[in-house]
Each structure stands twice: as C-alpha cells, then as structure tokens.
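Heads up, model-v2.txt below (compact mmCIF, C-alpha atoms):
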# COMPACT_ATOMS: atom_id res chain seq x y z
CA MET A 128 1.59 -132.60 78.31
CA THR A 129 2.55 -135.80 80.16
CA ALA A 130 5.69 -137.45 78.82
CA VAL A 131 5.01 -140.73 77.05
CA SER A 132 7.84 -143.26 77.11
CA ARG A 133 6.04 -146.05 75.24
CA ARG A 134 3.08 -146.44 72.91
CA ASN A 135 1.10 -149.14 71.16
CA VAL A 136 1.56 -149.56 67.41
CA PRO A 137 -0.33 -151.82 64.99
CA ILE A 138 1.68 -154.77 63.67
CA ARG A 139 1.29 -158.07 61.86
CA ARG A 140 2.52 -160.81 64.20
CA ALA A 141 3.82 -164.13 62.91
CA THR A 142 3.34 -167.26 64.99
CA GLY A 143 4.84 -170.12 63.09
CA GLN A 144 3.50 -169.55 59.57
CA VAL A 145 0.32 -167.77 60.69
CA LEU A 146 0.05 -163.97 60.41
CA ARG A 147 -2.49 -162.00 62.45
CA ASP A 148 -3.23 -158.39 63.29
CA ASP A 149 -1.96 -157.30 66.71
CA THR A 150 -0.38 -154.42 68.57
CA ASP A 151 3.06 -154.03 70.11
CA ARG A 152 4.41 -151.63 72.71
CA VAL A 153 7.48 -149.73 71.52
CA ALA A 154 9.80 -147.22 73.19
CA VAL A 155 9.19 -143.62 72.13
CA GLU A 156 12.07 -141.75 70.51
CA GLU A 157 11.76 -137.99 69.96
CA PRO A 158 14.22 -135.09 69.61
CA LEU A 159 15.04 -132.78 72.49
CA GLU A 160 16.61 -129.43 71.72
CA ILE A 161 18.57 -127.72 74.50
CA ARG A 162 18.73 -123.93 74.15
CA VAL A 163 21.03 -121.79 76.27
CA GLY A 164 20.69 -118.19 77.43
CA PHE A 165 22.63 -116.16 79.97
CA GLU A 166 21.90 -113.99 82.98
CA GLY A 167 21.39 -110.38 82.00
CA ASP A 168 21.29 -111.15 78.26
CA ASP A 169 17.99 -110.20 76.58
CA ARG A 170 18.70 -112.14 73.40
CA PRO A 171 16.69 -115.33 72.76
CA PRO A 172 18.36 -118.55 73.95
CA GLU A 173 20.64 -120.16 71.35
CA SER A 174 20.42 -123.79 70.33
CA LEU A 175 23.26 -125.90 71.73
CA VAL A 176 22.32 -129.43 70.72
CA VAL A 177 19.50 -131.68 69.56
CA THR A 178 19.59 -135.18 71.01
CA MET A 179 17.28 -138.10 70.36
CA ARG A 180 15.79 -139.31 73.62
CA THR A 181 12.87 -141.05 75.29
CA PRO A 182 10.60 -138.35 76.80
CA GLY A 183 10.66 -138.22 80.59
CA HIS A 184 13.11 -136.69 83.07
CA ASP A 185 14.00 -134.05 80.46
CA PRO A 186 15.18 -131.46 83.03
CA GLU A 187 17.52 -134.09 84.50
CA LEU A 188 18.78 -134.90 81.01
CA ALA A 189 19.52 -131.24 80.34
CA ARG A 190 21.27 -130.78 83.69
CA GLY A 191 23.32 -133.91 83.28
CA PHE A 192 24.27 -133.10 79.70
CA LEU A 193 25.40 -129.56 80.54
CA PHE A 194 27.43 -130.88 83.48
CA THR A 195 29.08 -133.85 81.79
CA GLU A 196 29.93 -131.72 78.76
CA GLY A 197 31.66 -129.22 81.06
CA LEU A 198 29.44 -126.21 80.39
CA ILE A 199 28.38 -125.98 84.04
CA GLY A 200 30.48 -126.97 87.03
CA SER A 201 27.78 -127.02 89.70
CA ALA A 202 24.05 -126.62 90.21
CA ALA A 203 24.65 -122.94 91.03
CA ASP A 204 25.66 -122.25 87.41
CA LEU A 205 22.15 -123.11 86.22
CA LEU A 206 19.74 -120.31 87.17
CA ALA A 207 16.57 -121.45 85.40
CA LEU A 208 15.27 -124.34 83.35
CA ARG A 209 11.92 -124.34 81.55
CA PRO A 210 10.09 -125.91 78.59
CA GLY A 211 10.32 -124.09 75.28
CA PRO A 212 7.46 -121.95 73.94
CA PRO A 213 4.45 -124.00 72.73
CA ASP A 214 4.83 -122.56 69.23
CA ALA A 215 8.54 -123.51 69.02
CA GLY A 216 8.77 -127.19 69.87
CA GLY A 217 7.00 -127.16 73.21
CA ASP A 218 7.65 -130.45 75.00
CA ASN A 219 10.67 -131.18 72.80
CA VAL A 220 12.57 -128.02 73.77
CA ILE A 221 14.30 -127.16 77.04
CA GLU A 222 15.53 -123.60 77.63
CA VAL A 223 18.15 -123.01 80.30
CA GLU A 224 19.50 -119.79 81.76
CA LEU A 225 23.10 -119.89 82.93
CA ARG A 226 25.00 -117.44 85.08
CA ALA A 227 26.88 -114.67 83.35
CA GLY A 228 30.48 -115.50 82.62
CA LEU A 229 29.93 -118.87 80.97
CA GLN A 230 29.54 -117.51 77.44
CA GLU A 231 33.09 -118.44 76.42
CA ARG A 232 32.58 -122.04 77.57
CA PHE A 233 29.39 -122.11 75.53
CA ARG A 234 31.17 -120.91 72.39
CA HIS A 235 33.95 -123.48 72.85
CA LEU A 236 31.44 -126.28 73.39
CA ARG A 237 29.51 -125.40 70.24
CA ARG A 238 32.76 -125.43 68.26
CA ASP A 239 33.69 -128.81 69.77
CA PHE A 240 30.36 -130.28 68.66
CA LEU A 241 30.98 -129.11 65.10
CA THR A 242 34.52 -130.50 65.13
CA ASN A 243 33.58 -133.88 66.61
CA SER A 244 30.73 -134.33 64.15
CA SER A 245 33.24 -134.17 61.28
CA CYS A 246 36.34 -135.93 62.68
CA GLY A 247 35.00 -138.02 65.54
CA ILE A 248 36.74 -138.82 68.81
CA CYS A 249 40.46 -139.39 68.49
CA GLY A 250 42.47 -141.14 71.22
CA LYS A 251 45.19 -139.00 72.75
CA ALA A 252 43.45 -135.67 72.11
CA SER A 253 40.27 -136.96 73.73
CA LEU A 254 42.09 -138.17 76.86
CA GLU A 255 43.85 -134.81 77.18
CA ALA A 256 40.52 -132.99 76.79
CA LEU A 257 39.03 -135.21 79.50
CA ARG A 258 41.84 -134.31 81.92
CA ALA A 259 41.33 -130.62 81.19
CA ARG A 260 37.53 -130.62 81.54
CA ALA A 261 37.01 -132.76 84.63
CA THR A 262 36.58 -130.55 87.71
CA LEU A 263 35.86 -133.31 90.26
CA ALA A 264 38.50 -135.76 91.45
CA VAL A 265 37.69 -139.45 91.16
CA ARG A 266 37.73 -140.98 94.63
CA GLY A 267 36.63 -144.38 95.83
CA ASP A 268 38.62 -144.88 99.00
CA GLU A 269 35.94 -147.01 100.65
CA LEU A 270 34.36 -148.59 97.58
CA ARG A 271 35.10 -152.31 97.48
CA VAL A 272 32.36 -154.43 95.96
CA PRO A 273 32.37 -158.22 96.46
CA THR A 274 32.19 -160.37 93.35
CA ARG A 275 28.93 -161.99 94.45
CA LEU A 276 27.22 -158.59 94.74
CA LEU A 277 28.37 -157.51 91.28
CA LEU A 278 26.91 -160.70 89.84
CA GLU A 279 23.51 -159.81 91.35
CA LEU A 280 23.38 -156.31 89.82
CA PRO A 281 21.95 -157.14 86.35
CA ALA A 282 18.88 -158.84 87.83
CA ALA A 283 18.40 -156.00 90.32
CA LEU A 284 18.59 -153.46 87.49
CA LEU A 285 16.16 -155.39 85.30
CA ALA A 286 13.62 -155.42 88.12
CA ARG A 287 13.63 -151.61 88.04
CA GLN A 288 13.28 -151.13 84.28
CA PRO A 289 9.51 -150.89 83.72
CA THR A 290 9.69 -149.44 80.23
CA PHE A 291 12.28 -151.96 79.09
CA ALA A 292 10.08 -154.72 80.48
CA ALA A 293 7.19 -153.41 78.40
CA THR A 294 9.09 -152.70 75.18
CA GLY A 295 12.52 -154.36 75.23
CA GLY A 296 13.81 -151.18 73.60
CA LEU A 297 15.54 -149.02 76.20
CA HIS A 298 18.94 -148.71 77.85
CA ALA A 299 19.33 -148.04 81.55
CA ALA A 300 21.90 -146.47 83.86
CA ALA A 301 21.90 -147.01 87.62
CA LEU A 302 23.78 -145.97 90.73
CA PHE A 303 24.75 -148.67 93.22
CA ASP A 304 26.65 -148.74 96.51
CA ALA A 305 29.21 -151.08 98.06
CA ALA A 306 26.40 -153.23 99.46
CA GLY A 307 25.12 -153.89 95.94
CA THR A 308 21.99 -151.78 96.50
CA ILE A 309 20.55 -150.00 93.44
CA LEU A 310 20.13 -146.38 94.54
CA ASP A 311 18.62 -144.81 91.42
CA VAL A 312 17.76 -145.78 87.83
CA ARG A 313 17.04 -143.90 84.62
CA GLU A 314 15.96 -145.30 81.24
CA ASP A 315 16.34 -143.89 77.74
CA VAL A 316 16.60 -145.01 74.15
CA GLY A 317 20.17 -143.65 74.22
CA ARG A 318 22.84 -145.01 76.58
CA HIS A 319 24.42 -141.61 77.06
CA ASN A 320 21.06 -139.97 77.72
CA ALA A 321 20.21 -142.52 80.42
CA LEU A 322 23.49 -141.71 82.16
CA ASP A 323 23.00 -137.95 81.75
CA LYS A 324 19.55 -138.27 83.34
CA LEU A 325 21.08 -140.20 86.25
CA ILE A 326 23.85 -137.64 86.77
CA GLY A 327 21.41 -134.76 86.29
CA ALA A 328 19.23 -136.18 89.08
CA ALA A 329 22.28 -136.41 91.35
CA LEU A 330 23.25 -132.82 90.51
CA ALA A 331 19.75 -131.53 91.30
CA ALA A 332 19.80 -133.41 94.63
CA ASP A 333 23.28 -132.08 95.53
CA ARG A 334 24.72 -135.63 95.52
CA LEU A 335 27.78 -134.92 93.38
CA PRO A 336 30.53 -136.03 93.37
CA LEU A 337 29.54 -139.68 93.16
CA TRP A 338 32.33 -140.91 95.42
CA ASN A 339 31.99 -144.42 96.81
CA THR A 340 29.20 -145.33 94.39
CA GLY A 341 29.32 -147.17 91.09
CA ILE A 342 27.54 -146.70 87.77
CA LEU A 343 25.90 -149.67 86.05
CA VAL A 344 24.96 -149.45 82.36
CA SER A 345 22.82 -151.95 80.51
CA GLY A 346 24.84 -151.92 77.27
CA ARG A 347 28.47 -151.55 76.33
CA SER A 348 30.95 -149.06 77.80
CA SER A 349 32.39 -146.49 75.40
CA PHE A 350 34.77 -143.60 75.91
CA GLU A 351 31.79 -141.27 76.43
CA ILE A 352 30.44 -143.40 79.29
CA ILE A 353 33.81 -143.23 81.07
CA GLU A 354 34.02 -139.49 80.33
CA LYS A 355 30.67 -138.83 81.97
CA ALA A 356 31.55 -141.01 84.98
CA ARG A 357 34.79 -139.09 85.48
CA MET A 358 33.02 -135.75 85.23
CA ALA A 359 30.78 -136.94 88.10
CA GLY A 360 33.75 -138.20 90.14
CA CYS A 361 32.51 -141.81 90.00
CA PRO A 362 35.19 -144.49 90.64
CA MET A 363 33.52 -147.55 89.08
CA VAL A 364 31.70 -148.29 85.84
CA VAL A 365 30.09 -151.70 85.37
CA ALA A 366 28.64 -152.70 82.01
CA VAL A 367 26.59 -155.65 80.85
CA GLY A 368 28.32 -155.41 77.46
CA ALA A 369 31.83 -154.97 76.12
CA PRO A 370 34.19 -152.01 76.57
CA SER A 371 36.00 -150.26 73.74
CA SER A 372 39.78 -149.91 73.73
CA LEU A 373 39.54 -146.18 74.34
CA ALA A 374 37.13 -146.74 77.25
CA ILE A 375 39.77 -148.96 78.86
CA GLU A 376 42.50 -146.37 78.30
CA ALA A 377 40.30 -143.60 79.70
CA ALA A 378 39.39 -145.73 82.74
CA TRP A 379 43.06 -146.32 83.63
CA GLU A 380 43.78 -142.63 82.99
CA SER A 381 40.92 -141.64 85.30
CA ASP A 382 41.52 -144.22 88.09
CA ILE A 383 38.12 -145.76 87.34
CA THR A 384 37.47 -149.46 87.85
CA LEU A 385 35.94 -150.75 84.61
CA VAL A 386 33.98 -154.01 84.52
CA GLY A 387 32.51 -155.50 81.35
CA PHE A 388 30.50 -158.53 80.21
CA LEU A 389 28.65 -158.67 83.54
CA ARG A 390 26.21 -161.43 82.73
CA GLU A 391 25.55 -165.14 83.12
CA GLY A 392 27.57 -165.40 86.32
CA ARG A 393 30.79 -163.87 85.01
CA PHE A 394 32.55 -160.59 84.28
CA ASN A 395 35.90 -159.14 83.23
CA VAL A 396 37.80 -156.41 85.11
CA TYR A 397 39.63 -154.15 82.65
CA SER A 398 41.14 -151.50 84.93
CA VAL A 399 41.89 -150.74 88.60
CA PRO A 400 40.86 -154.19 89.93
CA ALA A 401 41.55 -153.34 93.60
CA ARG A 402 37.96 -152.14 94.12
CA ILE A 403 36.62 -155.62 93.35
CA ALA A 404 36.86 -157.30 96.73
CA ASP A 405 37.58 -160.80 95.44
CA ALA A 406 39.83 -159.81 92.51
CA GLY A 407 43.21 -161.46 92.70
CA ALA A 408 42.36 -163.36 95.85
Conversion result in structure tokens:
Amino acid sequence: MTAVSRRNVPIRRATGQVLRDDTDRVAVEEPLEIRVGFEGDDRPPESLVVTMRTPGHDPELARGFLFTEGLIGSAADLLALRPGPPDAGGDNVIEVELRAGLQERFRHLRRDFLTNSSCGICGKASLEALRARATLAVRGDELRVPTRLLLELPAALLARQPTFAATGGLHAAALFDAAGTILDVREDVGRHNALDKLIGAALAADRLPLWNTGILVSGRSSFEIIEKARMAGCPMVVAVGAPSSLAIEAAWESDITLVGFLREGRFNVYSVPARIADAGA
C-alpha cells in the first residue's frame, strides 16, 4: 500500500459568521511498531517500541531510531528490514533483523524505555548516558556559517515542505552545509521522527558521521534533538523555536553549536558560537 501523508476530511468552515460544508487537508498520524529479531534466532521478532508518525520513509525512521537510540552503531549491524505480516499490522509494522551479539543492548534499551516512561529524563544522569552511548565524535572543523545564510534557512526549508504547505500540521528536519544549501529534508508529525528519518537516510547512504553539516528543525530544540544530533556526529543544531535548559547543557557538553529562535531576521546562539561566522565580530 502507498503511504499516505495527508488526507481530506469533511469540516464545517466559518467565514465571518457564516458556516458552510467544506473539506480540509490534514496530516496523517498513525502508529508504527518496530520489532527486533536477531541473526540465527528462530524466535519471532520482539516489539521494541510503538511511535506515532506520519507514514512515509518508514525504513529510514526505523534505521534512524535504532541508531540514535544506540542499538546499532553502523549500517552493518542491520541485516534486514521488512514490513510486518499483513495479518499483524501490515503497513504499520517494521521488522528488523540485527546481527548476533546485540541482544544485550536490546534488553538494556527496552529497560530504559520502561524507566524513562515512569520517571522521565533527568539532567545529570541523561548527560552521562549521552556521553556513554555516543560512538561518533562531534567534529565541525570547517563548519562556519555566515549569519546572513542562517537567516535564509527557514524560507529555504519551507519551500521544501510540501505536506506542511498542504496541511500546516507537520514538523521538518533538514541537513544544510556551510554554504546554506539544504541537502535533505524529512517531514513528520513528530519532531523526533522527522530527525530520525533524516539520520536514517544518511545512515542508509553511508553519509554518517554528519561532520561539517548542520541540522535545522522547524520547532523547538529539546534534549532529545541534541542527543540525536550528537549520535550522528553533527556539530550544529538550528531551531526555529526555543531551546530547553537541558538542550543547552547537552549542546555545551557535546561541543554542538545551538541556535534558537531563527525567525523574522534574528536568532540567538546558545552554545559554541565560534561556528557562526559573524558571531562576536
């Protein structure tokens, strides 16, 4: 079945005080279950997570999620990826086969999900976990982006968001280079999913680590956004919205340049300002 990212729904539309029947295009949100099996293990794949996402680029989402959560360290760890059986979720299930030897990581990750769902993310412990899990160094030796190019990024991103243009209901994540060129874009109803799709595409294309490129997100920057950027080795995160305090701490900890409130001809630099060419001039 072809993935559908938007659909028409019947509505009553008000114009002034007049109501009329109409339709509206809305972003699709459906669950995706990721099930994990292992090389040489005949048992059925086990469920790892269910995430709400916009259908489309599901294999990239699964790859990116497994990588940014630390279950796989490279494309070679993922041996197979396929849709689930038609009688067990079909288009809303992805089954992956990982190389033997990753079972202990899988068990730890499942426990972490259970723990985080009850106690949430907590400052110091989260930063220590990030240091322990990241396998790629963050490097951006040649990444210096002029202020004027950063200011042009939101419009360039918007021009490559077809589903957002149609629905107004999706987040986006993009890769950009020092020349301010948008290299790749992914959309999703979830901010983290959009970034996982972007990183999953880079992993499949053997483009990791993301040295000397930046990540642009259409919403705010949270700890999880910085965490995923660090896992991919990316030295710059630029957000249209605000950062959280823990995102700023994690960015300094990870040597990531963090930019927020990039809109209306302005922005704030919250960490590692040296990669902004005009900063401090």
Open item on the list: Please list as a list in words every residue within 7 Å of A:Ala377, counting only C-alpha atoms and excluding residues in the same chain fewer than 4 positions away.
Closed with: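 Everything that qualifies: Leu254, Phe350, Ile353, Leu373 and Ser381 of chain A.
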Task: Best match for closeness to A:Thr274 among A:Val364, A:Leu389, A:Leu302, A:Leu225, counting all atoms listed in the file - done: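 Smallest separation from A:Thr274 among the options: A:Leu389.
If all atoms listed in the file are the atoms counted, then among A:Asp168, A:Asp304, A:Glu196, A:Glu231 the closest residue to A:Val272 is A:Asp304.
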Task: Å distance separating atom CA of A:Gly296 from atom CA of A:Asp218, one decimal place - done: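 Atom CA of A:Asp218 lies 21.7 Å from atom CA of A:Gly296.
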Contacts between stretch 172-187 of chain A and stretch 214-238 of chain A, please, where a residue of stretch 214-238 of chain A counts if it comes within 9 Å (with only C-alpha atoms); show its shortest atom pair and distance in Å to one decimal, rows by chain and ascending number, as CSV.
residue,atom,partner,partner_atom,distance
A:Asp218,CA,A:Pro182,CA,8.6
A:Asn219,CA,A:Pro182,CA,8.2
A:Val220,CA,A:Val177,CA,8.9
A:Ile221,CA,A:Pro186,CA,7.4
A:Glu222,CA,A:Pro172,CA,6.9
A:Val223,CA,A:Pro172,CA,7.8
A:Glu224,CA,A:Pro172,CA,8.0
A:Phe233,CA,A:Leu175,CA,8.1
A:Leu236,CA,A:Leu175,CA,8.4
A:Arg237,CA,A:Leu175,CA,6.4
TODO: May I have the residues within 12 Å of A:Glu166 as a VMD selection string, using all atoms listed in the file and disregarding those fewer than 4 positions away in the same chain?
DONE: chain A and resid 170 to 172 204 to 207 223 to 230
Task: Point-to-point distance from atom CA of A:Gly307 to atom CA of A:Ala286, Å rounded to tenths - done: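 Those two atoms sit 14.0 Å apart.
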Open item on the list: What does the structure give for the distance between atom CA of A:Arg275 and atom CA of A:Met363, in Å to one decimal?
Closed with: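 Taking atom CA of A:Arg275 as the start and atom CA of A:Met363 as the end point, the length is 16.1 Å.
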Task: Residue with smallest distance to A:Val265 - pool A:Arg234, A:Arg357, A:Arg313, A:His319, counting all atoms listed in the file - done: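 That would be A:Arg357, the residue with the smallest distance to A:Val265.
If only C-alpha atoms are the atoms counted, then among A:Ser201, A:Thr150, A:Ser372, A:Thr384 the closest residue to A:Gly341 is A:Thr384.
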